[in-house]
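Participant: Coordinates in coords_2.cif, mmCIF, C-alpha atoms, are listed below.
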```cif
data_work
loop_
_atom_site.group_PDB
_atom_site.id
_atom_site.type_symbol
_atom_site.label_atom_id
_atom_site.label_comp_id
_atom_site.auth_asym_id
_atom_site.auth_seq_id
_atom_site.Cartn_x
_atom_site.Cartn_y
_atom_site.Cartn_z
ATOM 1 C CA MET A 1 87.448 118.188 110.276
ATOM 2 C CA SER A 2 88.833 121.171 108.382
ATOM 3 C CA LYS A 3 87.251 122.191 105.099
ATOM 4 C CA ALA A 4 88.877 120.470 102.135
ATOM 5 C CA VAL A 5 90.108 122.803 99.401
ATOM 6 C CA SER A 6 91.711 121.987 96.087
ATOM 7 C CA ALA A 7 95.300 122.948 95.309
ATOM 8 C CA MET A 8 94.553 126.050 93.234
ATOM 9 C CA ASN A 9 91.163 126.842 94.748
ATOM 10 C CA GLY A 10 89.442 126.817 91.351
ATOM 11 C CA ALA A 11 91.784 129.225 89.552
ATOM 12 C CA SER A 12 91.099 129.835 85.878
ATOM 13 C CA PHE A 13 92.733 131.572 82.944
ATOM 14 C CA ALA A 14 91.344 132.471 79.527
ATOM 15 C CA GLY A 15 93.792 132.631 76.647
ATOM 16 C CA LEU A 16 94.015 130.518 73.503
ATOM 17 C CA ALA A 17 92.061 128.016 75.525
ATOM 18 C CA LYS A 18 90.370 128.203 78.872
ATOM 19 C CA VAL A 19 92.418 126.644 81.666
ATOM 20 C CA THR A 20 90.507 125.816 84.837
ATOM 21 C CA GLU A 21 91.346 124.010 87.993
ATOM 22 C CA THR A 22 88.297 121.825 88.389
ATOM 23 C CA GLY A 23 88.355 121.515 92.160
ATOM 24 C CA LEU A 24 88.043 118.504 94.388
ATOM 25 C CA GLY A 25 87.444 115.155 92.753
ATOM 26 C CA GLY A 26 87.302 111.711 94.277
ATOM 27 C CA MET A 27 90.073 109.506 92.929
ATOM 28 C CA ILE A 28 90.850 105.913 93.755
ATOM 29 C CA THR A 29 93.830 103.904 92.641
ATOM 30 C CA LEU A 30 92.704 100.338 92.105
ATOM 31 C CA ARG A 31 95.130 97.575 91.247
ATOM 32 C CA GLY A 32 94.236 93.994 90.604
ATOM 33 C CA ASP A 33 93.627 91.386 87.935
ATOM 34 C CA PHE A 34 91.424 92.887 85.196
ATOM 35 C CA ALA A 35 90.457 89.418 83.964
ATOM 36 C CA SER A 36 88.931 88.414 87.284
ATOM 37 C CA ALA A 37 85.126 88.375 87.390
ATOM 38 C CA LYS A 38 85.157 89.686 90.948
ATOM 39 C CA PHE A 39 87.328 92.622 89.943
ATOM 40 C CA GLN A 40 85.018 93.473 87.046
ATOM 41 C CA THR A 41 81.957 93.294 89.292
ATOM 42 C CA ALA A 42 83.626 95.490 91.896
ATOM 43 C CA VAL A 43 84.511 98.146 89.302
ATOM 44 C CA LYS A 44 80.956 98.058 88.001
ATOM 45 C CA ALA A 45 79.601 98.456 91.538
ATOM 46 C CA ALA A 46 81.929 101.376 92.266
ATOM 47 C CA THR A 47 81.489 103.421 89.102
ATOM 48 C CA GLY A 48 78.628 101.912 87.116
ATOM 49 C CA THR A 49 80.887 101.098 84.190
ATOM 50 C CA GLN A 50 82.898 98.189 82.825
ATOM 51 C CA VAL A 51 86.657 97.869 83.063
ATOM 52 C CA PRO A 52 87.872 100.167 80.260
ATOM 53 C CA ALA A 53 89.868 98.974 77.270
ATOM 54 C CA THR A 54 93.568 99.788 77.008
ATOM 55 C CA ARG A 55 94.207 103.555 77.142
ATOM 56 C CA LYS A 56 90.494 104.367 77.423
ATOM 57 C CA ILE A 57 88.266 105.950 79.994
ATOM 58 C CA ALA A 58 84.749 104.618 80.556
ATOM 59 C CA PHE A 59 81.954 106.576 82.197
ATOM 60 C CA GLY A 60 79.167 105.201 84.342
ATOM 61 C CA ASP A 61 76.341 106.714 86.340
ATOM 62 C CA ARG A 62 78.398 106.975 89.542
ATOM 63 C CA GLY A 63 81.794 107.817 88.139
ATOM 64 C CA ALA A 64 84.407 106.766 85.635
ATOM 65 C CA ALA A 65 87.181 104.219 85.277
ATOM 66 C CA ALA A 66 90.403 105.037 83.455
ATOM 67 C CA TRP A 67 93.075 102.619 82.236
ATOM 68 C CA MET A 68 96.396 103.425 83.912
ATOM 69 C CA SER A 69 98.395 100.254 83.234
ATOM 70 C CA PRO A 70 97.658 96.552 82.617
ATOM 71 C CA ASP A 71 96.935 96.104 86.332
ATOM 72 C CA GLU A 72 95.858 99.544 87.488
ATOM 73 C CA LEU A 73 92.726 101.635 87.110
ATOM 74 C CA LEU A 74 91.975 105.158 88.215
ATOM 75 C CA LEU A 75 88.415 105.395 89.471
ATOM 76 C CA LEU A 76 86.816 108.833 89.463
ATOM 77 C CA VAL A 77 83.959 109.261 91.902
ATOM 78 C CA ASP A 78 82.419 112.010 94.021
ATOM 79 C CA TYR A 79 84.922 113.520 96.428
ATOM 80 C CA ASP A 80 82.724 112.854 99.424
ATOM 81 C CA SER A 81 81.981 109.237 98.551
ATOM 82 C CA ALA A 82 85.572 108.145 97.852
ATOM 83 C CA ASP A 83 86.199 106.642 101.284
ATOM 84 C CA ALA A 84 82.948 104.704 101.169
ATOM 85 C CA VAL A 85 83.761 103.395 97.689
ATOM 86 C CA VAL A 86 87.207 102.254 98.851
ATOM 87 C CA ALA A 87 85.630 100.454 101.796
ATOM 88 C CA LYS A 88 83.179 98.721 99.445
ATOM 89 C CA LEU A 89 85.967 97.755 97.012
ATOM 90 C CA SER A 90 88.057 96.312 99.838
ATOM 91 C CA GLU A 91 85.070 94.292 100.945
ATOM 92 C CA ASP A 92 84.217 93.080 97.418
ATOM 93 C CA LEU A 93 87.822 92.128 96.686
ATOM 94 C CA ALA A 94 88.688 90.773 100.129
ATOM 95 C CA THR A 95 89.629 87.346 98.787
ATOM 96 C CA GLU A 96 91.620 88.690 95.815
ATOM 97 C CA HIS A 97 95.091 90.162 95.537
ATOM 98 C CA HIS A 98 94.334 93.860 95.075
ATOM 99 C CA MET A 99 94.958 97.391 96.268
ATOM 100 C CA ALA A 100 92.393 100.169 96.598
ATOM 101 C CA VAL A 101 93.497 103.547 97.931
ATOM 102 C CA ASN A 102 91.789 106.902 98.134
ATOM 103 C CA VAL A 103 94.250 109.288 96.476
ATOM 104 C CA SER A 104 91.853 112.240 96.081
ATOM 105 C CA ASP A 105 93.913 114.597 98.218
ATOM 106 C CA ALA A 106 97.148 113.646 96.470
ATOM 107 C CA ARG A 107 95.919 114.926 93.123
ATOM 108 C CA ALA A 108 94.977 118.079 91.263
ATOM 109 C CA CYS A 109 92.635 118.254 88.281
ATOM 110 C CA PHE A 110 92.537 120.739 85.436
ATOM 111 C CA ALA A 111 90.373 121.252 82.385
ATOM 112 C CA VAL A 112 91.522 122.810 79.121
ATOM 113 C CA SER A 113 88.699 123.776 76.795
ATOM 114 C CA GLY A 114 88.201 125.858 73.704
ATOM 115 C CA ASP A 115 89.224 125.766 70.056
ATOM 116 C CA ALA A 116 92.953 125.646 70.734
ATOM 117 C CA ALA A 117 92.781 123.037 73.504
ATOM 118 C CA ARG A 118 94.529 120.400 71.368
ATOM 119 C CA GLU A 119 97.317 122.788 70.560
ATOM 120 C CA VAL A 120 97.802 123.844 74.180
ATOM 121 C CA ILE A 121 98.221 120.214 75.297
ATOM 122 C CA ALA A 122 100.396 119.333 72.299
ATOM 123 C CA LYS A 123 102.851 122.088 73.192
ATOM 124 C CA VAL A 124 103.711 120.501 76.514
ATOM 125 C CA ALA A 125 103.082 116.745 76.152
ATOM 126 C CA PRO A 126 104.796 114.324 73.707
ATOM 127 C CA VAL A 127 101.521 112.954 72.371
ATOM 128 C CA ASP A 128 100.028 112.979 68.873
ATOM 129 C CA LEU A 129 96.892 115.084 69.327
ATOM 130 C CA GLU A 130 95.823 115.138 65.705
ATOM 131 C CA ALA A 131 92.057 114.610 65.417
ATOM 132 C CA GLY A 132 91.588 110.922 64.687
ATOM 133 C CA GLN A 133 94.670 110.011 66.709
ATOM 134 C CA PHE A 134 93.311 111.243 70.026
ATOM 135 C CA GLU A 135 89.551 111.246 70.431
ATOM 136 C CA ALA A 136 86.869 111.495 73.092
ATOM 137 C CA GLY A 137 87.203 108.616 75.540
ATOM 138 C CA ASP A 138 90.945 108.219 74.954
ATOM 139 C CA PHE A 139 93.087 108.330 78.050
ATOM 140 C CA ARG A 140 96.831 108.835 78.144
ATOM 141 C CA ARG A 141 99.426 108.871 80.880
ATOM 142 C CA THR A 142 102.382 110.968 79.885
ATOM 143 C CA ARG A 143 104.419 113.938 80.999
ATOM 144 C CA PHE A 144 103.564 117.623 80.845
ATOM 145 C CA ALA A 145 106.906 119.346 80.349
ATOM 146 C CA GLN A 146 108.733 118.140 83.465
ATOM 147 C CA VAL A 147 105.980 116.520 85.489
ATOM 148 C CA ALA A 148 103.961 113.330 85.140
ATOM 149 C CA GLY A 149 100.288 113.684 84.313
ATOM 150 C CA ALA A 150 97.397 111.931 82.669
ATOM 151 C CA PHE A 151 94.647 113.336 80.513
ATOM 152 C CA TRP A 152 91.521 112.438 78.609
ATOM 153 C CA LEU A 153 89.235 114.135 76.160
ATOM 154 C CA ASP A 154 85.508 114.354 76.832
ATOM 155 C CA GLU A 155 82.593 114.531 74.407
ATOM 156 C CA THR A 156 82.472 118.322 74.539
ATOM 157 C CA GLY A 157 86.066 118.714 73.360
ATOM 158 C CA SER A 158 87.474 119.566 76.785
ATOM 159 C CA PHE A 159 90.678 117.967 77.984
ATOM 160 C CA HIS A 160 90.849 116.884 81.610
ATOM 161 C CA ILE A 161 94.248 116.638 83.234
ATOM 162 C CA VAL A 162 95.194 114.849 86.411
ATOM 163 C CA CYS A 163 98.523 115.387 88.145
ATOM 164 C CA PHE A 164 100.034 115.246 91.599
ATOM 165 C CA ARG A 165 98.863 117.968 93.918
ATOM 166 C CA SER A 166 102.462 118.834 94.779
ATOM 167 C CA VAL A 167 103.004 120.008 91.184
ATOM 168 C CA ALA A 168 99.619 121.717 90.764
ATOM 169 C CA VAL A 169 101.092 125.232 90.629
ATOM 170 C CA TYR A 170 103.675 124.124 88.063
ATOM 171 C CA MET A 171 100.967 122.487 85.949
ATOM 172 C CA TYR A 172 98.684 125.515 86.126
ATOM 173 C CA ASP A 173 101.469 127.935 85.202
ATOM 174 C CA LEU A 174 102.586 125.628 82.413
ATOM 175 C CA LEU A 175 99.104 125.367 80.899
ATOM 176 C CA CYS A 176 98.571 129.130 81.205
ATOM 177 C CA THR A 177 101.879 129.779 79.444
ATOM 178 C CA ALA A 178 100.976 127.321 76.683
ATOM 179 C CA ALA A 179 97.603 129.087 76.372
ATOM 180 C CA HIS A 180 99.116 132.594 76.247
ATOM 181 C CA PRO A 181 96.982 134.635 73.803
ATOM 182 C CA GLN A 182 99.986 135.589 71.666
ATOM 183 C CA SER A 183 101.432 132.105 71.433
ATOM 184 C CA LYS A 184 99.208 130.607 68.748
ATOM 185 C CA VAL A 185 100.832 128.071 66.426
ATOM 186 C CA GLY A 186 97.661 127.017 64.629
ATOM 187 C CA ILE A 187 98.835 123.505 63.866
ATOM 188 C CA TYR A 188 95.451 121.878 64.511
ATOM 189 C CA ALA A 189 93.372 124.812 63.272
ATOM 190 C CA MET B 1 114.988 110.561 68.702
ATOM 191 C CA LEU B 2 114.519 107.019 69.918
ATOM 192 C CA ILE B 3 110.936 105.779 69.662
ATOM 193 C CA LEU B 4 109.947 102.494 71.307
ATOM 194 C CA GLU B 5 106.521 100.910 71.355
ATOM 195 C CA CYS B 6 105.573 99.933 74.888
ATOM 196 C CA PRO B 7 104.354 96.301 74.740
ATOM 197 C CA TYR B 8 102.029 96.909 77.699
ATOM 198 C CA CYS B 9 100.085 100.013 76.741
ATOM 199 C CA GLY B 10 100.827 100.095 73.013
ATOM 200 C CA VAL B 11 102.005 103.704 73.058
ATOM 201 C CA ARG B 12 104.720 104.605 70.587
ATOM 202 C CA ALA B 13 106.662 106.448 73.234
ATOM 203 C CA GLU B 14 109.523 108.763 72.476
ATOM 204 C CA GLU B 15 112.671 108.918 74.515
ATOM 205 C CA THR B 16 111.533 111.525 77.034
ATOM 206 C CA GLU B 17 108.703 109.267 78.234
ATOM 207 C CA LEU B 18 111.110 106.406 78.821
ATOM 208 C CA HIS B 19 113.942 105.568 81.139
ATOM 209 C CA GLY B 20 116.771 103.248 80.223
ATOM 210 C CA GLY B 21 117.351 100.332 82.564
ATOM 211 C CA GLY B 22 120.626 98.937 81.257
ATOM 212 C CA GLU B 23 121.409 95.531 79.893
ATOM 213 C CA ALA B 24 118.660 92.928 79.496
ATOM 214 C CA HIS B 25 118.538 89.322 80.664
ATOM 215 C CA LEU B 26 121.087 89.676 83.425
ATOM 216 C CA LYS B 27 121.640 86.532 85.408
ATOM 217 C CA ARG B 28 121.925 87.565 89.008
ATOM 218 C CA PHE B 29 124.608 86.250 91.329
ATOM 219 C CA GLY B 30 123.893 86.928 94.975
ATOM 220 C CA PRO B 31 124.664 85.216 98.268
ATOM 221 C CA GLY B 32 126.501 81.941 97.780
ATOM 222 C CA SER B 33 128.167 82.937 94.524
ATOM 223 C CA THR B 34 131.888 83.350 94.111
ATOM 224 C CA ASP B 35 133.565 86.756 94.163
ATOM 225 C CA ASP B 36 134.363 86.420 90.459
ATOM 226 C CA GLU B 37 130.758 85.686 89.557
ATOM 227 C CA PHE B 38 129.531 88.604 91.634
ATOM 228 C CA HIS B 39 132.151 90.885 90.120
ATOM 229 C CA ASP B 40 131.162 89.909 86.570
ATOM 230 C CA TYR B 41 127.480 90.327 87.349
ATOM 231 C CA LEU B 42 128.063 93.813 88.736
ATOM 232 C CA PHE B 43 130.611 95.218 86.329
ATOM 233 C CA MET B 44 131.008 93.186 83.139
ATOM 234 C CA LYS B 45 128.193 94.603 81.036
ATOM 235 C CA GLU B 46 127.688 94.188 77.348
ATOM 236 C CA ASN B 47 128.519 97.339 75.422
ATOM 237 C CA PRO B 48 128.253 96.320 71.795
ATOM 238 C CA ARG B 49 128.410 98.336 68.629
ATOM 239 C CA GLY B 50 125.415 96.859 66.873
ATOM 240 C CA VAL B 51 122.654 94.586 68.140
ATOM 241 C CA HIS B 52 121.848 95.217 71.783
ATOM 242 C CA LEU B 53 119.160 93.974 74.149
ATOM 243 C CA GLU B 54 118.130 96.457 76.807
ATOM 244 C CA ARG B 55 115.637 97.061 79.560
ATOM 245 C CA TRP B 56 113.503 100.168 79.413
ATOM 246 C CA ARG B 57 110.792 101.550 81.629
ATOM 247 C CA HIS B 58 107.784 103.487 80.375
ATOM 248 C CA VAL B 59 108.250 105.842 83.268
ATOM 249 C CA ASN B 60 106.047 108.732 82.118
ATOM 250 C CA GLY B 61 103.315 106.371 81.033
ATOM 251 C CA CYS B 62 102.056 103.025 82.240
ATOM 252 C CA GLY B 63 105.136 102.626 84.437
ATOM 253 C CA LYS B 64 105.978 99.115 83.216
ATOM 254 C CA TRP B 65 109.394 97.678 82.485
ATOM 255 C CA PHE B 66 109.928 96.061 79.107
ATOM 256 C CA HIS B 67 112.707 94.853 76.816
ATOM 257 C CA ALA B 68 113.913 96.395 73.592
ATOM 258 C CA ALA B 69 116.125 95.016 70.853
ATOM 259 C CA ARG B 70 117.892 97.721 68.922
ATOM 260 C CA CYS B 71 121.098 98.619 67.128
ATOM 261 C CA THR B 72 123.402 100.973 69.005
ATOM 262 C CA GLN B 73 125.146 101.969 65.801
ATOM 263 C CA THR B 74 122.158 103.008 63.678
ATOM 264 C CA LEU B 75 119.556 103.473 66.462
ATOM 265 C CA GLU B 76 117.336 101.119 64.472
ATOM 266 C CA VAL B 77 114.764 99.406 66.681
ATOM 267 C CA PHE B 78 114.105 95.731 65.907
ATOM 268 C CA GLY B 79 111.288 95.375 68.386
ATOM 269 C CA THR B 80 110.134 95.517 71.982
ATOM 270 C CA TYR B 81 108.917 92.633 74.086
ATOM 271 C CA SER B 82 107.582 91.677 77.488
ATOM 272 C CA ALA B 83 109.690 91.854 80.626
ATOM 273 C CA GLN B 84 108.346 88.473 81.746
ATOM 274 C CA THR B 85 110.927 86.472 79.859
ATOM 275 C CA THR B 86 114.522 85.396 80.342
ATOM 276 C CA GLU B 87 115.378 85.400 76.659
ATOM 277 C CA PRO B 88 114.209 87.268 73.572
ATOM 278 C CA PRO B 89 111.195 85.606 71.895
ATOM 279 C CA GLN B 90 111.750 83.859 68.559
ATOM 280 C CA GLU B 91 109.803 86.577 66.759
ATOM 281 C CA ILE B 92 112.287 89.217 67.940
ATOM 282 C CA LYS B 93 115.263 86.985 67.096
ATOM 283 C CA ASP B 94 113.843 86.551 63.581
ATOM 284 C CA LYS B 95 113.427 90.299 63.168
ATOM 285 C CA ILE B 96 117.039 90.883 64.168
ATOM 286 C CA SER B 97 118.260 88.078 61.918
ATOM 287 C CA ALA B 98 116.411 89.595 58.965
ATOM 288 C CA LYS B 99 118.392 92.821 59.334
ATOM 289 C CA ARG B 100 121.636 91.600 60.903
ATOM 290 C CA PRO B 101 122.330 88.013 59.736
ATOM 291 C CA GLY B 102 124.744 86.201 62.007
ATOM 292 C CA TRP B 103 124.233 88.478 64.997
ATOM 293 C CA THR B 104 125.230 87.354 68.454
ATOM 294 C CA TRP B 105 124.649 88.834 71.889
ATOM 295 C CA ARG B 106 125.980 86.992 74.923
ATOM 296 C CA GLU B 107 124.564 83.467 74.615
ATOM 297 C CA PHE B 108 121.879 84.441 72.090
ATOM 298 C CA LYS B 109 122.272 84.343 68.343
ATOM 299 C CA GLY B 110 120.171 84.484 65.206
#
```
Any chance you could give the structure as structure tokens?
Facilitator:
Amino acid sequence: MSKAVSAMNGASFAGLAKVTETGLGGMITLRGDFASAKFQTAVKAATGTQVPATRKIAFGDRGAAAWMSPDELLLLVDYDSADAVVAKLSEDLATEHHMAVNVSDARACFAVSGDAAREVIAKVAPVDLEAGQFEAGDFRRTRFAQVAGAFWLDETGSFHIVCFRSVAVYMYDLLCTAAHPQSKVGIYA
Amino acid sequence: MLILECPYCGVRAEETELHGGGEAHLKRFGPGSTDDEFHDYLFMKENPRGVHLERWRHVNGCGKWFHAARCTQTLEVFGTYSAQTTEPPQEIKDKISAKRPGWTWREFKG
């Protein structure tokens, strides 16, 4: 098999904030009934964490689970183990109505870090990023200018963005423009 | 700017995250219906000045469809509610009645 590469091959840009393409990540779309005990056990087995609360992301020892909608989770695992995790989920949920798909290669991931990270995101997404309104562990699906994307904030103050691979170049250029060194607004400073 | 709270994910989403889906609570007429019924279903939409019930989709968000009750004249939003219903819940009707006593919309009224 050919060597897997991410959409932007790890490109990075340093401006108001540091924009980095974070490379290959394992991503699984999992749909099902959150209230079902089997579903909860399967999520725990796949990622090591519980089913997250609404608009939250929960981290476990083998990955993370993010709340996408009332019946959909995004599971983040190692790129190489994604297929195995999907196989396990399909086995665990065989008797339940569900869907588990490895979407790793359909996605691109970015990180925005630094003092102005909140401002850079706020420029392009219609989300209140005031401290206290959006905190570590919060997860939000929204749009970034003209494309759909989701993001969360980690404990170190870095934002992680997930979007479709087909719009990776647009997303990277957009974030770099928003992080242009001479474009400071200072609203969250 | 229209701001609706998505009843599924709780986000107070502004217009650019949403997509309008037209009139709410349509009764569908398909195979077996008369031509007149099918015509009315397809073309005779409510277009009120005032209280209106609409479908919206949180397209750049959780992706779910939901219902919204709002006023087309003032852009005031009375409330949003689940898509899994064929009529507005009493709570929404009460909220509309509080602001627009005597309102009617198709077969629904305060």
Participant: Nearest residue to A:Thr49 out of A:Ser36, A:Leu75, A:Leu30, A:Gly25, using all atoms listed in the file?
Facilitator: A:Leu75
Participant: Would you mind listing what lies within 8 Å of stretch 147-149 of chain A as a PyMOL selection string, with only C-alpha atoms counted and same-chain residues fewer than 3 positions away left out?
Facilitator: (chain A and resi 141-144+161-164+167+171) or (chain B and resi 60)
Participant: Write out as a CSV table (one decimal) with C-alpha atoms, keeping the file's coordinate frame which residues come within 10 Å of A:Val124 when counting only C-alpha atoms, dropping same-chain ones fewer than 5 positions away.
Facilitator:
```csv
chain,number,residue,atom,x,y,z
A,119,GLU,CA,97.3,122.8,70.6
A,143,ARG,CA,104.4,113.9,81.0
A,144,PHE,CA,103.6,117.6,80.8
A,145,ALA,CA,106.9,119.3,80.3
A,146,GLN,CA,108.7,118.1,83.5
A,174,LEU,CA,102.6,125.6,82.4
A,175,LEU,CA,99.1,125.4,80.9
A,177,THR,CA,101.9,129.8,79.4
A,178,ALA,CA,101.0,127.3,76.7
```
Participant: Just to confirm, what's the straight-line distance from atom CA of B:Gln73 to atom CA of A:Ala125 in Å (one decimal)?
Facilitator: 28.5 Å
Participant: What residues in chain B have any atom no more than 10 Å from chain A when counting all atoms listed in the file, and can you write them as a ChimeraX atom specification?
Facilitator: /B:8-18,58-64
Participant: Applying the PyMOL selection byres ((chain A and resi 168) around 9) to the file I just gave you, which residues come out? Please list them as a PDB file with C-alpha atoms, in the coordinates of the input.
Facilitator:
```pdb
ATOM      1  CA  ALA A   7      95.300 122.948  95.309  1.00  0.00           C
ATOM      2  CA  MET A   8      94.553 126.050  93.234  1.00  0.00           C
ATOM      3  CA  ARG A 107      95.919 114.926  93.123  1.00  0.00           C
ATOM      4  CA  ALA A 108      94.977 118.079  91.263  1.00  0.00           C
ATOM      5  CA  CYS A 109      92.635 118.254  88.281  1.00  0.00           C
ATOM      6  CA  PHE A 110      92.537 120.739  85.436  1.00  0.00           C
ATOM      7  CA  CYS A 163      98.523 115.387  88.145  1.00  0.00           C
ATOM      8  CA  PHE A 164     100.034 115.246  91.599  1.00  0.00           C
ATOM      9  CA  ARG A 165      98.863 117.968  93.918  1.00  0.00           C
ATOM     10  CA  SER A 166     102.462 118.834  94.779  1.00  0.00           C
ATOM     11  CA  VAL A 167     103.004 120.008  91.184  1.00  0.00           C
ATOM     12  CA  VAL A 169     101.092 125.232  90.629  1.00  0.00           C
ATOM     13  CA  TYR A 170     103.675 124.124  88.063  1.00  0.00           C
ATOM     14  CA  MET A 171     100.967 122.487  85.949  1.00  0.00           C
ATOM     15  CA  TYR A 172      98.684 125.515  86.126  1.00  0.00           C
ATOM     16  CA  ASP A 173     101.469 127.935  85.202  1.00  0.00           C
TER      17      ASP A 173
END
```
Participant: List the spatial neighbours of stretch 26-42 of chain B as a count of residues only - criterion: any atom at most 12 Å away, only C-alpha atoms, same-chain residues fewer than 5 positions off excluded.
Facilitator: 11
Participant: Hey, what comes out of the PyMOL selection byres ((chain B and resi 70) around 9) on this file? Could you write it as number ranges by chain?
Facilitator: B: 50-54, 68-69, 71-80, 96
Participant: Which residues, written as a short mmCIF file (atom, residue, chain, number, x, y, z; two decimals) with C-alpha atoms, in the frame of the given file, have at least one atom at most 12 Å from A:Tyr188, with all atoms listed in the file counted and residues fewer than 3 positions away on the same chain left out?
Facilitator:
```cif
data_model
loop_
_atom_site.label_atom_id
_atom_site.label_comp_id
_atom_site.auth_asym_id
_atom_site.auth_seq_id
_atom_site.Cartn_x
_atom_site.Cartn_y
_atom_site.Cartn_z
CA ASP A 115 89.22 125.77 70.06
CA ALA A 116 92.95 125.65 70.73
CA ALA A 117 92.78 123.04 73.50
CA ARG A 118 94.53 120.40 71.37
CA GLU A 119 97.32 122.79 70.56
CA VAL A 120 97.80 123.84 74.18
CA ILE A 121 98.22 120.21 75.30
CA ALA A 122 100.40 119.33 72.30
CA LYS A 123 102.85 122.09 73.19
CA ASP A 128 100.03 112.98 68.87
CA LEU A 129 96.89 115.08 69.33
CA GLU A 130 95.82 115.14 65.70
CA ALA A 131 92.06 114.61 65.42
CA GLY A 132 91.59 110.92 64.69
CA LYS A 184 99.21 130.61 68.75
CA VAL A 185 100.83 128.07 66.43
#
```
Participant: What box, with edges along x, y and z, holds each listed atom of stretch 70-84 of chain B when 8 Å is added on every side, and can you state its centre and edge lengths in Å to one decimal, as AutoDock Vina command-line options?
Facilitator:
```
--center_x 116.4 --center_y 96.0 --center_z 72.7 --size_x 33.6 --size_y 31.0 --size_z 34.1
```
Participant: Go ahead and compute the interatomic distance for atom CA of A:Lys56 and atom CA of A:Trp152, in Å to one decimal.
Facilitator: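 Taking atom CA of A:Lys56 as the start and atom CA of A:Trp152 as the end point, the length is 8.2 Å.
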Participant: Would you translate the PyMOL selection byres ((chain A and resi 154) around 12) into the concrete set of residues it matches in this file, as a PyMOL selection string?
Facilitator: chain A and resi 56-59+64+111-113+117+134-139+151-153+155-161
Participant: Report the distance between atom CA of A:Lys44 and atom CA of A:Thr95 in Å, rounded to one decimal place.
Facilitator: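 Here the two named atoms are 17.5 Å from each other.
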Participant: Could you give me, as a PyMOL selection string, the residues within 12 Å of A:Val77, counting all atoms listed in the file and dropping anything in the same chain fewer than 4 positions from it?
Facilitator: chain A and resi 24-29+43+45-49+59-66+81-86+102-104
Participant: Could you tell me which of B:Pro89, B:Ser82, B:Ala24, B:Met44 comes closest to B:Trp105 if we count only C-alpha atoms?
Facilitator: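 Closest to B:Trp105 of all the choices is B:Ala24.
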Participant: Pick out the closest residue to B:Trp65 from this set: B:Glu46, B:Leu2, B:Tyr81, B:Glu91. Count all atoms listed in the file.
Facilitator: B:Tyr81
Participant: Will you model N, CA, C and O atoms for stretch 60-70 of chain B and pass it back as a PDB file, keeping the file's coordinate frame?
Facilitator:
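Result saved to selection.pdb:
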```pdb
ATOM      1  N   ASN B  60     107.117 107.728  82.208  1.00  0.00           N
ATOM      2  CA  ASN B  60     106.047 108.732  82.118  1.00  0.00           C
ATOM      3  C   ASN B  60     104.901 108.159  81.287  1.00  0.00           C
ATOM      4  O   ASN B  60     104.538 108.686  80.241  1.00  0.00           O
ATOM      5  N   GLY B  61     104.378 107.061  81.758  1.00  0.00           N
ATOM      6  CA  GLY B  61     103.315 106.371  81.033  1.00  0.00           C
ATOM      7  C   GLY B  61     102.777 105.294  81.942  1.00  0.00           C
ATOM      8  O   GLY B  61     102.547 105.548  83.121  1.00  0.00           O
ATOM      9  N   CYS B  62     102.666 104.070  81.422  1.00  0.00           N
ATOM     10  CA  CYS B  62     102.056 103.025  82.240  1.00  0.00           C
ATOM     11  C   CYS B  62     102.978 102.540  83.354  1.00  0.00           C
ATOM     12  O   CYS B  62     102.552 101.768  84.211  1.00  0.00           O
ATOM     13  N   GLY B  63     104.244 102.952  83.330  1.00  0.00           N
ATOM     14  CA  GLY B  63     105.136 102.626  84.437  1.00  0.00           C
ATOM     15  C   GLY B  63     105.767 101.250  84.369  1.00  0.00           C
ATOM     16  O   GLY B  63     106.490 100.862  85.287  1.00  0.00           O
ATOM     17  N   LYS B  64     105.490 100.495  83.286  1.00  0.00           N
ATOM     18  CA  LYS B  64     105.978  99.115  83.216  1.00  0.00           C
ATOM     19  C   LYS B  64     107.382  99.034  82.615  1.00  0.00           C
ATOM     20  O   LYS B  64     107.754  99.824  81.763  1.00  0.00           O
ATOM     21  N   TRP B  65     108.109  98.025  83.079  1.00  0.00           N
ATOM     22  CA  TRP B  65     109.394  97.678  82.485  1.00  0.00           C
ATOM     23  C   TRP B  65     109.153  96.825  81.256  1.00  0.00           C
ATOM     24  O   TRP B  65     108.225  96.014  81.237  1.00  0.00           O
ATOM     25  N   PHE B  66     109.996  96.980  80.244  1.00  0.00           N
ATOM     26  CA  PHE B  66     109.928  96.061  79.107  1.00  0.00           C
ATOM     27  C   PHE B  66     111.317  95.922  78.501  1.00  0.00           C
ATOM     28  O   PHE B  66     112.265  96.554  78.951  1.00  0.00           O
ATOM     29  N   HIS B  67     111.431  95.069  77.496  1.00  0.00           N
ATOM     30  CA  HIS B  67     112.707  94.853  76.816  1.00  0.00           C
ATOM     31  C   HIS B  67     112.669  95.460  75.419  1.00  0.00           C
ATOM     32  O   HIS B  67     111.614  95.514  74.796  1.00  0.00           O
ATOM     33  N   ALA B  68     113.821  95.892  74.953  1.00  0.00           N
ATOM     34  CA  ALA B  68     113.913  96.395  73.592  1.00  0.00           C
ATOM     35  C   ALA B  68     115.144  95.794  72.928  1.00  0.00           C
ATOM     36  O   ALA B  68     116.182  95.619  73.565  1.00  0.00           O
ATOM     37  N   ALA B  69     114.988  95.471  71.653  1.00  0.00           N
ATOM     38  CA  ALA B  69     116.125  95.016  70.853  1.00  0.00           C
ATOM     39  C   ALA B  69     116.394  96.108  69.838  1.00  0.00           C
ATOM     40  O   ALA B  69     115.508  96.481  69.079  1.00  0.00           O
ATOM     41  N   ARG B  70     117.599  96.648  69.860  1.00  0.00           N
ATOM     42  CA  ARG B  70     117.892  97.721  68.922  1.00  0.00           C
ATOM     43  C   ARG B  70     119.367  97.702  68.546  1.00  0.00           C
ATOM     44  O   ARG B  70     120.150  96.928  69.091  1.00  0.00           O
TER      45      ARG B  70
END
```
